[in-house]
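Dumped structure31.pdb below, it's PDB, C-alpha atoms:
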ATOM      1  CA  MET A   1      13.844  48.547  -3.053
ATOM      2  CA  THR A   2      17.387  49.142  -4.243
ATOM      3  CA  ALA A   3      19.706  46.596  -5.784
ATOM      4  CA  SER A   4      22.040  46.754  -2.780
ATOM      5  CA  SER A   5      19.237  45.764  -0.399
ATOM      6  CA  THR A   6      18.167  42.776  -2.501
ATOM      7  CA  LYS A   7      21.628  41.186  -2.520
ATOM      8  CA  PRO A   8      21.584  40.142   1.177
ATOM      9  CA  ALA A   9      18.089  38.655   0.734
ATOM     10  CA  THR A  10      19.284  36.749  -2.329
ATOM     11  CA  ARG A  11      22.297  35.442  -0.433
ATOM     12  CA  ASP A  12      20.059  34.322   2.459
ATOM     13  CA  THR A  13      17.762  32.525   0.057
ATOM     14  CA  ASP A  14      20.674  30.778  -1.641
ATOM     15  CA  ARG A  15      22.107  29.821   1.751
ATOM     16  CA  ARG A  16      18.788  28.316   2.878
ATOM     17  CA  SER A  17      18.457  26.468  -0.420
ATOM     18  CA  ARG A  18      21.910  24.928  -0.087
ATOM     19  CA  ARG A  19      21.187  23.996   3.560
ATOM     20  CA  ASP A  20      17.865  22.382   2.628
ATOM     21  CA  ALA A  21      19.567  20.480  -0.184
ATOM     22  CA  ARG A  22      22.207  19.151   2.233
ATOM     23  CA  HIS A  23      19.514  18.117   4.721
ATOM     24  CA  ASP A  24      17.519  16.386   1.980
ATOM     25  CA  ALA A  25      20.588  14.515   0.824
ATOM     26  CA  LEU A  26      21.396  13.474   4.399
ATOM     27  CA  PHE A  27      17.792  12.351   4.933
ATOM     28  CA  ARG A  28      17.889  10.254   1.747
ATOM     29  CA  ARG A  29      21.150   8.626   2.844
ATOM     30  CA  VAL A  30      19.698   7.759   6.262
ATOM     31  CA  LEU A  31      16.626   6.186   4.677
ATOM     32  CA  LEU A  32      18.780   4.298   2.186
ATOM     33  CA  PHE A  33      20.939   3.011   5.033
ATOM     34  CA  CYS A  34      17.844   1.794   6.925
ATOM     35  CA  ALA A  35      16.534  -0.005   3.845
ATOM     36  CA  LEU A  36      19.907  -1.588   3.103
ATOM     37  CA  LEU A  37      20.263  -2.589   6.766
ATOM     38  CA  VAL A  38      17.021  -4.565   6.579
ATOM     39  CA  LEU A  39      18.130  -6.271   3.366
ATOM     40  CA  ALA A  40      21.555  -6.998   4.835
ATOM     41  CA  ALA A  41      20.039  -8.530   7.969
ATOM     42  CA  LEU A  42      17.704 -10.716   5.911
ATOM     43  CA  LEU A  43      20.452 -11.781   3.540
ATOM     44  CA  GLY A  44      22.837 -12.428   6.424
ATOM     45  CA  ALA A  45      20.320 -14.616   8.235
ATOM     46  CA  ALA A  46      19.602 -16.608   5.070
ATOM     47  CA  LEU A  47      23.278 -17.091   4.222
ATOM     48  CA  SER A  48      24.157 -18.041   7.795
ATOM     49  CA  THR A  49      21.507 -20.780   7.812
ATOM     50  CA  LEU A  50      22.687 -21.963   4.399
ATOM     51  CA  TRP A  51      26.276 -22.090   5.669
ATOM     52  CA  GLY A  52      25.226 -23.865   8.856
ATOM     53  CA  GLY A  53      23.381 -26.515   6.866
ATOM     54  CA  ARG A  54      26.141 -27.059   4.321
ATOM     55  CA  GLU A  55      27.164 -30.432   5.795
ATOM     56  CA  VAL A  56      23.854 -32.179   5.221
ATOM     57  CA  LEU A  57      23.305 -30.378   1.914
ATOM     58  CA  LEU A  58      26.705 -31.451   0.580
ATOM     59  CA  LYS A  59      26.218 -34.983   1.883
ATOM     60  CA  ASP A  60      22.687 -35.641   0.628
ATOM     61  CA  GLY A  61      22.142 -32.928  -1.963
ATOM     62  CA  PHE A  62      18.668 -32.919  -3.508
ATOM     63  CA  ASN A  63      17.773 -36.104  -1.616
ATOM     64  CA  PHE A  64      17.484 -33.984   1.521
ATOM     65  CA  LEU A  65      14.414 -32.339  -0.004
ATOM     66  CA  THR A  66      12.747 -35.453  -1.383
ATOM     67  CA  ARG A  67      13.331 -37.907   1.488
ATOM     68  CA  SER A  68      10.978 -38.208   4.460
ATOM     69  CA  ASP A  69      13.202 -40.344   6.728
ATOM     70  CA  TRP A  70      14.449 -38.602   9.865
ATOM     71  CA  ASN A  71      16.629 -40.728  12.129
ATOM     72  CA  PRO A  72      19.337 -39.047  14.242
ATOM     73  CA  VAL A  73      20.673 -42.480  15.286
ATOM     74  CA  THR A  74      21.694 -43.400  11.743
ATOM     75  CA  ASP A  75      22.259 -39.772  10.643
ATOM     76  CA  THR A  76      19.545 -40.059   8.004
ATOM     77  CA  TYR A  77      17.672 -36.835   7.432
ATOM     78  CA  GLY A  78      14.966 -35.766   5.024
ATOM     79  CA  ALA A  79      13.068 -32.487   4.930
ATOM     80  CA  LEU A  80       9.977 -33.679   3.072
ATOM     81  CA  ALA A  81       7.863 -34.386   6.173
ATOM     82  CA  PRO A  82       8.548 -31.004   7.847
ATOM     83  CA  ILE A  83       7.904 -29.161   4.585
ATOM     84  CA  PHE A  84       4.677 -31.107   4.080
ATOM     85  CA  GLY A  85       3.460 -30.373   7.610
ATOM     86  CA  THR A  86       4.341 -26.685   7.337
ATOM     87  CA  LEU A  87       2.439 -26.208   4.086
ATOM     88  CA  VAL A  88      -0.612 -28.278   5.043
ATOM     89  CA  THR A  89      -1.131 -26.642   8.434
ATOM     90  CA  ALA A  90      -0.711 -23.184   6.892
ATOM     91  CA  ILE A  91      -3.231 -23.988   4.139
ATOM     92  CA  ILE A  92      -5.753 -25.257   6.700
ATOM     93  CA  ALA A  93      -5.258 -22.089   8.739
ATOM     94  CA  ILE A  94      -5.826 -19.838   5.725
ATOM     95  CA  VAL A  95      -8.902 -21.766   4.551
ATOM     96  CA  LEU A  96     -10.480 -21.449   7.994
ATOM     97  CA  ALA A  97      -9.320 -17.946   8.948
ATOM     98  CA  VAL A  98     -10.050 -15.992   5.768
ATOM     99  CA  PRO A  99     -13.867 -16.462   5.680
ATOM    100  CA  VAL A 100     -14.180 -15.757   9.410
ATOM    101  CA  SER A 101     -11.934 -12.686   9.123
ATOM    102  CA  PHE A 102     -13.964 -11.442   6.179
ATOM    103  CA  GLY A 103     -17.177 -11.882   8.157
ATOM    104  CA  ILE A 104     -15.764 -10.023  11.163
ATOM    105  CA  ALA A 105     -14.521  -7.134   9.016
ATOM    106  CA  LEU A 106     -17.825  -6.969   7.142
ATOM    107  CA  PHE A 107     -19.791  -6.963  10.395
ATOM    108  CA  LEU A 108     -17.691  -4.222  11.972
ATOM    109  CA  THR A 109     -17.762  -1.914   8.950
ATOM    110  CA  GLU A 110     -21.243  -2.429   7.523
ATOM    111  CA  ILE A 111     -23.605  -4.047  10.025
ATOM    112  CA  ALA A 112     -22.554  -3.537  13.648
ATOM    113  CA  PRO A 113     -23.975  -0.537  15.529
ATOM    114  CA  SER A 114     -21.507   2.206  16.342
ATOM    115  CA  TRP A 115     -21.415   1.408  20.075
ATOM    116  CA  MET A 116     -20.289  -2.157  19.341
ATOM    117  CA  ARG A 117     -17.589  -1.511  16.761
ATOM    118  CA  GLY A 118     -14.998  -0.089  19.129
ATOM    119  CA  PRO A 119     -15.075  -2.827  21.806
ATOM    120  CA  VAL A 120     -15.152  -5.672  19.283
ATOM    121  CA  ALA A 121     -12.285  -4.182  17.267
ATOM    122  CA  THR A 122     -10.266  -3.718  20.460
ATOM    123  CA  ALA A 123     -10.898  -7.326  21.478
ATOM    124  CA  ILE A 124      -9.678  -8.552  18.085
ATOM    125  CA  GLU A 125      -6.511  -6.476  18.366
ATOM    126  CA  LEU A 126      -5.911  -7.874  21.855
ATOM    127  CA  LEU A 127      -6.071 -11.400  20.424
ATOM    128  CA  ALA A 128      -3.171 -10.487  18.143
ATOM    129  CA  ALA A 129      -1.090  -9.489  21.181
ATOM    130  CA  ILE A 130      -1.397 -12.860  22.952
ATOM    131  CA  PRO A 131       1.963 -14.735  22.892
ATOM    132  CA  SER A 132       2.075 -17.860  20.764
ATOM    133  CA  ILE A 133       3.034 -20.057  23.711
ATOM    134  CA  ILE A 134      -0.287 -19.152  25.350
ATOM    135  CA  TYR A 135      -2.099 -20.352  22.241
ATOM    136  CA  GLY A 136      -0.038 -23.520  22.403
ATOM    137  CA  MET A 137      -0.920 -24.184  26.037
ATOM    138  CA  TRP A 138      -4.579 -23.490  25.331
ATOM    139  CA  GLY A 139      -4.435 -25.840  22.378
ATOM    140  CA  LEU A 140      -2.775 -28.622  24.384
ATOM    141  CA  PHE A 141      -4.880 -28.485  27.537
ATOM    142  CA  VAL A 142      -8.244 -27.340  26.149
ATOM    143  CA  PHE A 143      -8.516 -27.854  22.417
ATOM    144  CA  VAL A 144      -6.749 -31.221  22.104
ATOM    145  CA  PRO A 145      -9.192 -32.957  24.532
ATOM    146  CA  PHE A 146     -12.057 -31.334  22.641
ATOM    147  CA  MET A 147     -10.728 -32.578  19.296
ATOM    148  CA  SER A 148     -10.288 -36.096  20.702
ATOM    149  CA  THR A 149     -14.066 -36.173  21.251
ATOM    150  CA  VAL A 150     -14.875 -34.628  17.862
ATOM    151  CA  GLU A 151     -12.563 -36.741  15.693
ATOM    152  CA  PRO A 152     -14.588 -39.992  16.072
ATOM    153  CA  TYR A 153     -17.583 -38.123  14.658
ATOM    154  CA  LEU A 154     -15.466 -36.808  11.786
ATOM    155  CA  SER A 155     -14.227 -40.326  11.020
ATOM    156  CA  SER A 156     -17.729 -41.797  11.068
ATOM    157  CA  THR A 157     -19.210 -39.083   8.832
ATOM    158  CA  LEU A 158     -16.675 -37.285   6.631
ATOM    159  CA  GLY A 159     -14.371 -40.300   6.709
ATOM    160  CA  LYS A 160     -16.889 -42.311   4.683
ATOM    161  CA  LEU A 161     -17.132 -39.851   1.807
ATOM    162  CA  PRO A 162     -15.666 -41.167  -1.465
ATOM    163  CA  VAL A 163     -13.246 -38.330  -2.299
ATOM    164  CA  VAL A 164     -12.237 -36.628   0.955
ATOM    165  CA  GLY A 165     -12.797 -39.588   3.252
ATOM    166  CA  ALA A 166      -9.104 -40.398   3.549
ATOM    167  CA  LEU A 167      -8.490 -36.956   5.065
ATOM    168  CA  PHE A 168     -10.602 -37.743   8.130
ATOM    169  CA  GLN A 169      -9.633 -41.310   8.951
ATOM    170  CA  GLY A 170      -7.462 -42.084  11.946
ATOM    171  CA  PRO A 171      -7.391 -42.617  15.702
ATOM    172  CA  PRO A 172      -8.935 -39.913  17.926
ATOM    173  CA  LEU A 173      -5.662 -38.652  19.351
ATOM    174  CA  GLY A 174      -6.553 -34.972  19.420
ATOM    175  CA  LEU A 175      -2.993 -34.138  18.404
ATOM    176  CA  GLY A 176      -2.496 -33.813  14.686
ATOM    177  CA  ILE A 177      -2.333 -31.702  11.563
ATOM    178  CA  LEU A 178      -5.979 -30.629  11.697
ATOM    179  CA  THR A 179      -5.680 -29.475  15.310
ATOM    180  CA  ALA A 180      -2.526 -27.497  14.522
ATOM    181  CA  GLY A 181      -4.203 -25.906  11.517
ATOM    182  CA  ILE A 182      -7.195 -24.793  13.601
ATOM    183  CA  VAL A 183      -4.947 -23.330  16.310
ATOM    184  CA  LEU A 184      -2.994 -21.466  13.626
ATOM    185  CA  ALA A 185      -6.273 -20.174  12.185
ATOM    186  CA  VAL A 186      -7.203 -18.734  15.585
ATOM    187  CA  MET A 187      -3.770 -17.097  15.795
ATOM    188  CA  ILE A 188      -3.750 -15.422  12.370
ATOM    189  CA  LEU A 189      -7.436 -14.477  12.384
ATOM    190  CA  PRO A 190      -6.875 -11.175  14.287
ATOM    191  CA  PHE A 191      -4.188 -10.050  11.829
ATOM    192  CA  ILE A 192      -6.268 -10.702   8.719
ATOM    193  CA  ALA A 193      -9.460  -9.311  10.273
ATOM    194  CA  SER A 194      -7.709  -6.113  11.363
ATOM    195  CA  VAL A 195      -6.231  -5.538   7.912
ATOM    196  CA  MET A 196      -9.565  -6.188   6.195
ATOM    197  CA  ARG A 197     -11.398  -3.906   8.610
ATOM    198  CA  GLU A 198      -8.973  -1.044   8.055
ATOM    199  CA  VAL A 199      -9.027  -1.307   4.263
ATOM    200  CA  PHE A 200     -12.824  -1.641   4.186
ATOM    201  CA  ARG A 201     -12.993   1.656   6.066
ATOM    202  CA  THR A 202     -11.016   3.375   3.302
ATOM    203  CA  VAL A 203     -13.830   2.884   0.765
ATOM    204  CA  PRO A 204     -15.446   6.284   0.099
ATOM    205  CA  ALA A 205     -18.863   6.509   1.687
ATOM    206  CA  ARG A 206     -20.379   8.079  -1.420
ATOM    207  CA  LEU A 207     -19.696   4.927  -3.438
ATOM    208  CA  LYS A 208     -21.554   2.720  -0.971
ATOM    209  CA  GLU A 209     -24.354   5.241  -0.509
ATOM    210  CA  SER A 210     -24.841   5.436  -4.269
ATOM    211  CA  ALA A 211     -25.101   1.647  -4.484
ATOM    212  CA  TYR A 212     -27.600   1.556  -1.624
ATOM    213  CA  ALA A 213     -29.604   4.307  -3.304
ATOM    214  CA  LEU A 214     -29.869   2.163  -6.423
ATOM    215  CA  GLY A 215     -31.391  -0.668  -4.369
ATOM    216  CA  SER A 216     -28.323  -2.841  -3.748
ATOM    217  CA  THR A 217     -28.238  -5.124  -0.746
ATOM    218  CA  THR A 218     -25.417  -5.135   1.789
ATOM    219  CA  TRP A 219     -23.862  -8.207   0.188
ATOM    220  CA  GLU A 220     -24.046  -6.644  -3.280
ATOM    221  CA  VAL A 221     -22.389  -3.472  -2.002
ATOM    222  CA  VAL A 222     -19.593  -5.486  -0.408
ATOM    223  CA  TRP A 223     -19.093  -7.798  -3.389
ATOM    224  CA  ASP A 224     -19.403  -5.196  -6.161
ATOM    225  CA  ILE A 225     -18.052  -2.053  -4.481
ATOM    226  CA  VAL A 226     -15.977  -2.749  -1.366
ATOM    227  CA  LEU A 227     -14.025  -5.802  -2.510
ATOM    228  CA  PRO A 228     -13.035  -4.475  -5.962
ATOM    229  CA  TYR A 229     -11.911  -1.211  -4.338
ATOM    230  CA  THR A 230      -9.769  -2.959  -1.693
ATOM    231  CA  ARG A 231      -8.832  -6.185  -3.486
ATOM    232  CA  SER A 232      -5.077  -5.638  -3.514
ATOM    233  CA  ALA A 233      -4.919  -4.730   0.176
ATOM    234  CA  VAL A 234      -7.133  -7.674   1.141
ATOM    235  CA  ILE A 235      -4.879 -10.116  -0.707
ATOM    236  CA  GLY A 236      -1.861  -8.537   0.964
ATOM    237  CA  GLY A 237      -3.444  -9.041   4.379
ATOM    238  CA  ILE A 238      -4.209 -12.683   3.598
ATOM    239  CA  PHE A 239      -0.611 -13.358   2.609
ATOM    240  CA  LEU A 240       0.567 -11.541   5.718
ATOM    241  CA  GLY A 241      -1.415 -14.040   7.782
ATOM    242  CA  LEU A 242      -0.053 -16.894   5.665
ATOM    243  CA  GLY A 243       3.503 -15.770   6.360
ATOM    244  CA  ARG A 244       2.741 -15.748  10.087
ATOM    245  CA  ALA A 245       1.298 -19.262   9.863
ATOM    246  CA  LEU A 246       4.316 -20.630   7.996
ATOM    247  CA  GLY A 247       6.787 -19.445  10.616
ATOM    248  CA  GLU A 248       4.828 -20.174  13.792
ATOM    249  CA  THR A 249       6.734 -22.336  16.268
ATOM    250  CA  MET A 250       5.492 -22.814  19.819
ATOM    251  CA  ALA A 251       1.751 -23.060  19.219
ATOM    252  CA  VAL A 252       2.303 -25.704  16.540
ATOM    253  CA  THR A 253       4.878 -27.582  18.611
ATOM    254  CA  PHE A 254       2.384 -28.162  21.414
ATOM    255  CA  VAL A 255      -0.400 -29.672  19.282
ATOM    256  CA  LEU A 256       1.146 -31.120  16.100
ATOM    257  CA  GLY A 257       2.443 -34.374  17.564
ATOM    258  CA  ASN A 258       6.073 -34.341  16.315
ATOM    259  CA  SER A 259       5.805 -37.292  13.913
ATOM    260  CA  TYR A 260       7.847 -37.494  10.698
ATOM    261  CA  ASN A 261       5.350 -39.733   8.914
ATOM    262  CA  ILE A 262       3.552 -38.363   5.863
ATOM    263  CA  THR A 263      -0.047 -39.563   5.714
ATOM    264  CA  SER A 264      -3.152 -38.518   3.847
ATOM    265  CA  SER A 265      -5.126 -38.165   7.088
ATOM    266  CA  LEU A 266      -5.406 -34.780   8.757
ATOM    267  CA  LEU A 267      -6.107 -36.478  12.075
ATOM    268  CA  MET A 268      -2.664 -38.064  12.309
ATOM    269  CA  PRO A 269       0.291 -36.382  14.044
ATOM    270  CA  GLY A 270       2.841 -34.589  11.923
ATOM    271  CA  THR A 271       5.670 -32.119  12.145
ATOM    272  CA  SER A 272       6.693 -28.774  10.710
ATOM    273  CA  ILE A 273       9.956 -27.011  10.052
ATOM    274  CA  ALA A 274       9.656 -24.671  13.021
ATOM    275  CA  SER A 275       8.483 -27.349  15.461
ATOM    276  CA  SER A 276      11.269 -29.734  14.405
ATOM    277  CA  ILE A 277      13.872 -27.080  15.126
ATOM    278  CA  ALA A 278      12.287 -26.158  18.471
ATOM    279  CA  ASN A 279      12.028 -29.778  19.621
ATOM    280  CA  GLU A 280      15.476 -31.041  18.662
ATOM    281  CA  PHE A 281      17.941 -28.180  18.393
ATOM    282  CA  ASN A 282      19.120 -28.196  22.018
ATOM    283  CA  GLU A 283      20.199 -31.839  21.808
ATOM    284  CA  ALA A 284      21.470 -31.826  18.217
ATOM    285  CA  VAL A 285      25.153 -32.154  17.365
ATOM    286  CA  GLY A 286      27.121 -32.676  14.185
ATOM    287  CA  LEU A 287      25.105 -33.630  11.138
ATOM    288  CA  HIS A 288      21.878 -33.517  13.117
ATOM    289  CA  ARG A 289      22.388 -29.842  13.928
ATOM    290  CA  SER A 290      23.347 -29.152  10.323
ATOM    291  CA  ALA A 291      20.083 -30.741   9.170
ATOM    292  CA  LEU A 292      18.052 -28.556  11.527
ATOM    293  CA  ILE A 293      19.836 -25.410  10.370
ATOM    294  CA  ALA A 294      19.190 -26.464   6.774
ATOM    295  CA  LEU A 295      15.500 -26.713   7.682
ATOM    296  CA  GLY A 296      15.705 -23.111   8.841
ATOM    297  CA  PHE A 297      17.094 -22.128   5.451
ATOM    298  CA  LEU A 298      14.246 -24.000   3.743
ATOM    299  CA  LEU A 299      11.775 -22.035   5.852
ATOM    300  CA  PHE A 300      13.375 -18.866   4.513
ATOM    301  CA  VAL A 301      12.936 -20.186   0.988
ATOM    302  CA  VAL A 302       9.318 -21.237   1.498
ATOM    303  CA  THR A 303       8.398 -17.887   3.043
ATOM    304  CA  PHE A 304      10.195 -16.003   0.267
ATOM    305  CA  VAL A 305       8.353 -17.991  -2.408
ATOM    306  CA  VAL A 306       4.997 -17.298  -0.744
ATOM    307  CA  LEU A 307       5.701 -13.569  -0.511
ATOM    308  CA  LEU A 308       6.950 -13.541  -4.102
ATOM    309  CA  ILE A 309       3.695 -15.133  -5.255
ATOM    310  CA  ALA A 310       1.784 -12.489  -3.295
ATOM    311  CA  ARG A 311       3.739  -9.695  -4.959
ATOM    312  CA  LEU A 312       3.161 -11.168  -8.409
ATOM    313  CA  MET A 313      -0.564 -11.502  -7.749
ATOM    314  CA  LEU A 314      -0.796  -7.926  -6.506
ATOM    315  CA  ARG A 315       1.144  -6.628  -9.503
ATOM    316  CA  ARG A 316      -1.109  -8.542 -11.863
ATOM    317  CA  LEU A 317      -4.192  -7.106 -10.166
ATOM    318  CA  GLU A 318      -2.764  -3.601 -10.371
ATOM    319  CA  ARG A 319      -2.129  -4.019 -14.101
ATOM    320  CA  ARG A 320      -5.634  -5.350 -14.646
ATOM    321  CA  GLU A 321      -7.155  -2.467 -12.680
ATOM    322  CA  GLY A 322      -5.009   0.004 -14.596
ATOM    323  CA  SER A 323      -6.116  -1.391 -17.934
TER     324      SER A 323
END
Just give me the structure as C-alpha cells.
Amino acid sequence: MTASSTKPATRDTDRRSRRDARHDALFRRVLLFCALLVLAALLGAALSTLWGGREVLLKDGFNFLTRSDWNPVTDTYGALAPIFGTLVTAIIAIVLAVPVSFGIALFLTEIAPSWMRGPVATAIELLAAIPSIIYGMWGLFVFVPFMSTVEPYLSSTLGKLPVVGALFQGPPLGLGILTAGIVLAVMILPFIASVMREVFRTVPARLKESAYALGSTTWEVVWDIVLPYTRSAVIGGIFLGLGRALGETMAVTFVLGNSYNITSSLLMPGTSIASSIANEFNEAVGLHRSALIALGFLLFVVTFVVLLIARLMLRRLERREGS
C-alpha cells in the first residue's frame, strides 16, 4: 500500500473520530441537562413551599415546629402533631412490612417451587400498582371495622403490660395511628419485597451451593451468604419503602382520624402532614394556607433527612465491606 492511498483512510479515520467526539460531548450535555433538570425541579418545589409558608414561619418562627395547637379560628398553628403522626405511622409501617417482605423474598428465591414463583411475584407487583385511594377505601370500609373488634382485645391484654401498656389503651374506634400504620405497611410491602427478591436473585449460585455442600441450612445460607452479599441494596429498598410511607396521603387520610392531639396510645386518632394538607387545603385562606404550605416544606425536609440517613448508612457499609 502506497503512502498516497493511506492518506484518504487516515482522513476518514480522523473525521470519524472528531464526529464521535462531538456526539459524545453532545450526549454528555444531554445527560447533564436531565440531571440538572431533576435537581432544579426538586429545588424549585422546596423553595416554592418555603416561600408559600413564609407568613406562618415569620410569625411563629421555631414555635411552629414545637407547638401542637392547630386552630384555624384563632390562627394558631403548630406542626408538632402532624410531624409526630407522620413519623409514628411510617415507623409502624416499616416495623411490620420489613419482616413480611423479607419472608416473601426468601420464600420466592430459596423455597418456593419454580411453578409458583412467577405467579406469586406477579401478584406482588400488581399490589404495588393499586392506587392509594383504593387502599384508603379498603381501610375505611373493611379494615377499620375489623380493628374496632380487635382493639378491645389489645387493650385487655397488651394494654396491661407494664412498659408498652400505654401504647394499647384507648377506645375501640378503629380509626387511629395503629390502623394507619398497618394500612401503610400493606402499601409499601410490595415495593420492599420486590426489591429484596431482585437483589436476592443476584447472589451467585455457586456461593449458595458451596454453603449447602458444607451442610448449611437454608437460614444459615440466607443469613451468612445472601444478606451480607446484598446488604446495601436491601437497606436501600427499605428506605425506599420508608420514603413512600412518609409521603402517603389518601390512604392515611381515610383511616387516621384527623385529630391534632398527641397521645401515647396507638389506638387514638391522629394526623399526618400529608393528610392535614389533603383535608384542609381547599378551604384554607391567609395564614391557614401558609401553615399548610409550610407543612409541605417540612415534609420535604423530613424526607430529605431520611434519605440522607440512608445514604450515610450505605456509604458506611460500603467502607466497612471495602476494608
Got a sec: who's within 10 Å of Asn261 in chain A, counting all atoms listed in the file, leaving out chain neighbours fewer than 3 positions off, as a PDB file with C-alpha atoms, in the coordinates of the input?
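Saved to around.pdb:
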ATOM      1  CA  SER A  68      10.978 -38.208   4.460  1.00  0.00           C
ATOM      2  CA  ASP A  69      13.202 -40.344   6.728  1.00  0.00           C
ATOM      3  CA  TRP A  70      14.449 -38.602   9.865  1.00  0.00           C
ATOM      4  CA  LEU A  80       9.977 -33.679   3.072  1.00  0.00           C
ATOM      5  CA  ALA A  81       7.863 -34.386   6.173  1.00  0.00           C
ATOM      6  CA  PRO A  82       8.548 -31.004   7.847  1.00  0.00           C
ATOM      7  CA  PHE A  84       4.677 -31.107   4.080  1.00  0.00           C
ATOM      8  CA  GLY A  85       3.460 -30.373   7.610  1.00  0.00           C
ATOM      9  CA  ASN A 258       6.073 -34.341  16.315  1.00  0.00           C
ATOM     10  CA  SER A 264      -3.152 -38.518   3.847  1.00  0.00           C
ATOM     11  CA  MET A 268      -2.664 -38.064  12.309  1.00  0.00           C
ATOM     12  CA  PRO A 269       0.291 -36.382  14.044  1.00  0.00           C
ATOM     13  CA  GLY A 270       2.841 -34.589  11.923  1.00  0.00           C
ATOM     14  CA  THR A 271       5.670 -32.119  12.145  1.00  0.00           C
TER      15      THR A 271
END
Checklist entry - What gap, in Å, lies between CA of Gly247 in chain A and CA of Leu58 in chain A? => result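 Those two atoms sit 25.3 Å apart.
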Contacts of Glu198 in chain A at 12 Å (only C-alpha atoms; same-chain gap of 4+ positions) as a PDB file with C-alpha atoms, keeping the file's coordinate frame:
ATOM      1  CA  PHE A 102     -13.964 -11.442   6.179  1.00  0.00           C
ATOM      2  CA  ILE A 104     -15.764 -10.023  11.163  1.00  0.00           C
ATOM      3  CA  ALA A 105     -14.521  -7.134   9.016  1.00  0.00           C
ATOM      4  CA  LEU A 106     -17.825  -6.969   7.142  1.00  0.00           C
ATOM      5  CA  LEU A 108     -17.691  -4.222  11.972  1.00  0.00           C
ATOM      6  CA  THR A 109     -17.762  -1.914   8.950  1.00  0.00           C
ATOM      7  CA  ALA A 121     -12.285  -4.182  17.267  1.00  0.00           C
ATOM      8  CA  GLU A 125      -6.511  -6.476  18.366  1.00  0.00           C
ATOM      9  CA  PHE A 191      -4.188 -10.050  11.829  1.00  0.00           C
ATOM     10  CA  ILE A 192      -6.268 -10.702   8.719  1.00  0.00           C
ATOM     11  CA  ALA A 193      -9.460  -9.311  10.273  1.00  0.00           C
ATOM     12  CA  SER A 194      -7.709  -6.113  11.363  1.00  0.00           C
ATOM     13  CA  THR A 202     -11.016   3.375   3.302  1.00  0.00           C
ATOM     14  CA  VAL A 203     -13.830   2.884   0.765  1.00  0.00           C
ATOM     15  CA  VAL A 226     -15.977  -2.749  -1.366  1.00  0.00           C
ATOM     16  CA  THR A 230      -9.769  -2.959  -1.693  1.00  0.00           C
ATOM     17  CA  ALA A 233      -4.919  -4.730   0.176  1.00  0.00           C
ATOM     18  CA  VAL A 234      -7.133  -7.674   1.141  1.00  0.00           C
ATOM     19  CA  GLY A 237      -3.444  -9.041   4.379  1.00  0.00           C
TER      20      GLY A 237
END
Next on the checklist: For a quick check of understanding, using only C-alpha atoms, which of A:Ala166, A:Ala251, A:Ala123, A:Ile111 has the smallest distance to Thr179 in chain A?
Outcome noted: A:Ala251
Next on the checklist: Taking the file as I've supplied it (selection: the PyMOL selection byres ((chain A and resi 289) around 10)), which residues are included? Please answer as JSON, numbers by chain.
Outcome noted: {"A": [52, 53, 55, 56, 72, 277, 280, 281, 282, 283, 284, 285, 286, 287, 288, 290, 291, 292, 293, 294, 295]}
Item to check | Output check: residues returned by the PyMOL selection byres ((chain A and resi 127) around 9), as a ChimeraX atom specification | outcome: /A:122-126,128-130,186-187,189-191
Checklist entry - How many Å separate CA of Ser276 in chain A from CA of Val100 in chain A? => result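 Between these atoms lies a distance of 29.5 Å.
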Checklist entry - If you measure from CA of Gly78 in chain A to CA of Pro171 in chain A, what distance in Å do you get, rounded to one decimal? => result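 These two atoms are separated by 25.7 Å.
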Can you give me, as a PDB file with C-alpha atoms, in the frame of the given file, the residues this file yields under the PyMOL selection byres ((chain A and resi 134-147) around 10)?
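To be explicit, this is the file written out as expr.pdb:
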ATOM      1  CA  LEU A 127      -6.071 -11.400  20.424  1.00  0.00           C
ATOM      2  CA  ILE A 130      -1.397 -12.860  22.952  1.00  0.00           C
ATOM      3  CA  PRO A 131       1.963 -14.735  22.892  1.00  0.00           C
ATOM      4  CA  SER A 132       2.075 -17.860  20.764  1.00  0.00           C
ATOM      5  CA  ILE A 133       3.034 -20.057  23.711  1.00  0.00           C
ATOM      6  CA  SER A 148     -10.288 -36.096  20.702  1.00  0.00           C
ATOM      7  CA  THR A 149     -14.066 -36.173  21.251  1.00  0.00           C
ATOM      8  CA  VAL A 150     -14.875 -34.628  17.862  1.00  0.00           C
ATOM      9  CA  GLU A 151     -12.563 -36.741  15.693  1.00  0.00           C
ATOM     10  CA  PRO A 152     -14.588 -39.992  16.072  1.00  0.00           C
ATOM     11  CA  TYR A 153     -17.583 -38.123  14.658  1.00  0.00           C
ATOM     12  CA  LEU A 154     -15.466 -36.808  11.786  1.00  0.00           C
ATOM     13  CA  PRO A 172      -8.935 -39.913  17.926  1.00  0.00           C
ATOM     14  CA  LEU A 173      -5.662 -38.652  19.351  1.00  0.00           C
ATOM     15  CA  GLY A 174      -6.553 -34.972  19.420  1.00  0.00           C
ATOM     16  CA  LEU A 175      -2.993 -34.138  18.404  1.00  0.00           C
ATOM     17  CA  GLY A 176      -2.496 -33.813  14.686  1.00  0.00           C
ATOM     18  CA  LEU A 178      -5.979 -30.629  11.697  1.00  0.00           C
ATOM     19  CA  THR A 179      -5.680 -29.475  15.310  1.00  0.00           C
ATOM     20  CA  ALA A 180      -2.526 -27.497  14.522  1.00  0.00           C
ATOM     21  CA  ILE A 182      -7.195 -24.793  13.601  1.00  0.00           C
ATOM     22  CA  VAL A 183      -4.947 -23.330  16.310  1.00  0.00           C
ATOM     23  CA  LEU A 184      -2.994 -21.466  13.626  1.00  0.00           C
ATOM     24  CA  VAL A 186      -7.203 -18.734  15.585  1.00  0.00           C
ATOM     25  CA  MET A 187      -3.770 -17.097  15.795  1.00  0.00           C
ATOM     26  CA  THR A 249       6.734 -22.336  16.268  1.00  0.00           C
ATOM     27  CA  MET A 250       5.492 -22.814  19.819  1.00  0.00           C
ATOM     28  CA  ALA A 251       1.751 -23.060  19.219  1.00  0.00           C
ATOM     29  CA  VAL A 252       2.303 -25.704  16.540  1.00  0.00           C
ATOM     30  CA  THR A 253       4.878 -27.582  18.611  1.00  0.00           C
ATOM     31  CA  PHE A 254       2.384 -28.162  21.414  1.00  0.00           C
ATOM     32  CA  VAL A 255      -0.400 -29.672  19.282  1.00  0.00           C
ATOM     33  CA  LEU A 256       1.146 -31.120  16.100  1.00  0.00           C
ATOM     34  CA  LEU A 267      -6.107 -36.478  12.075  1.00  0.00           C
TER      35      LEU A 267
END
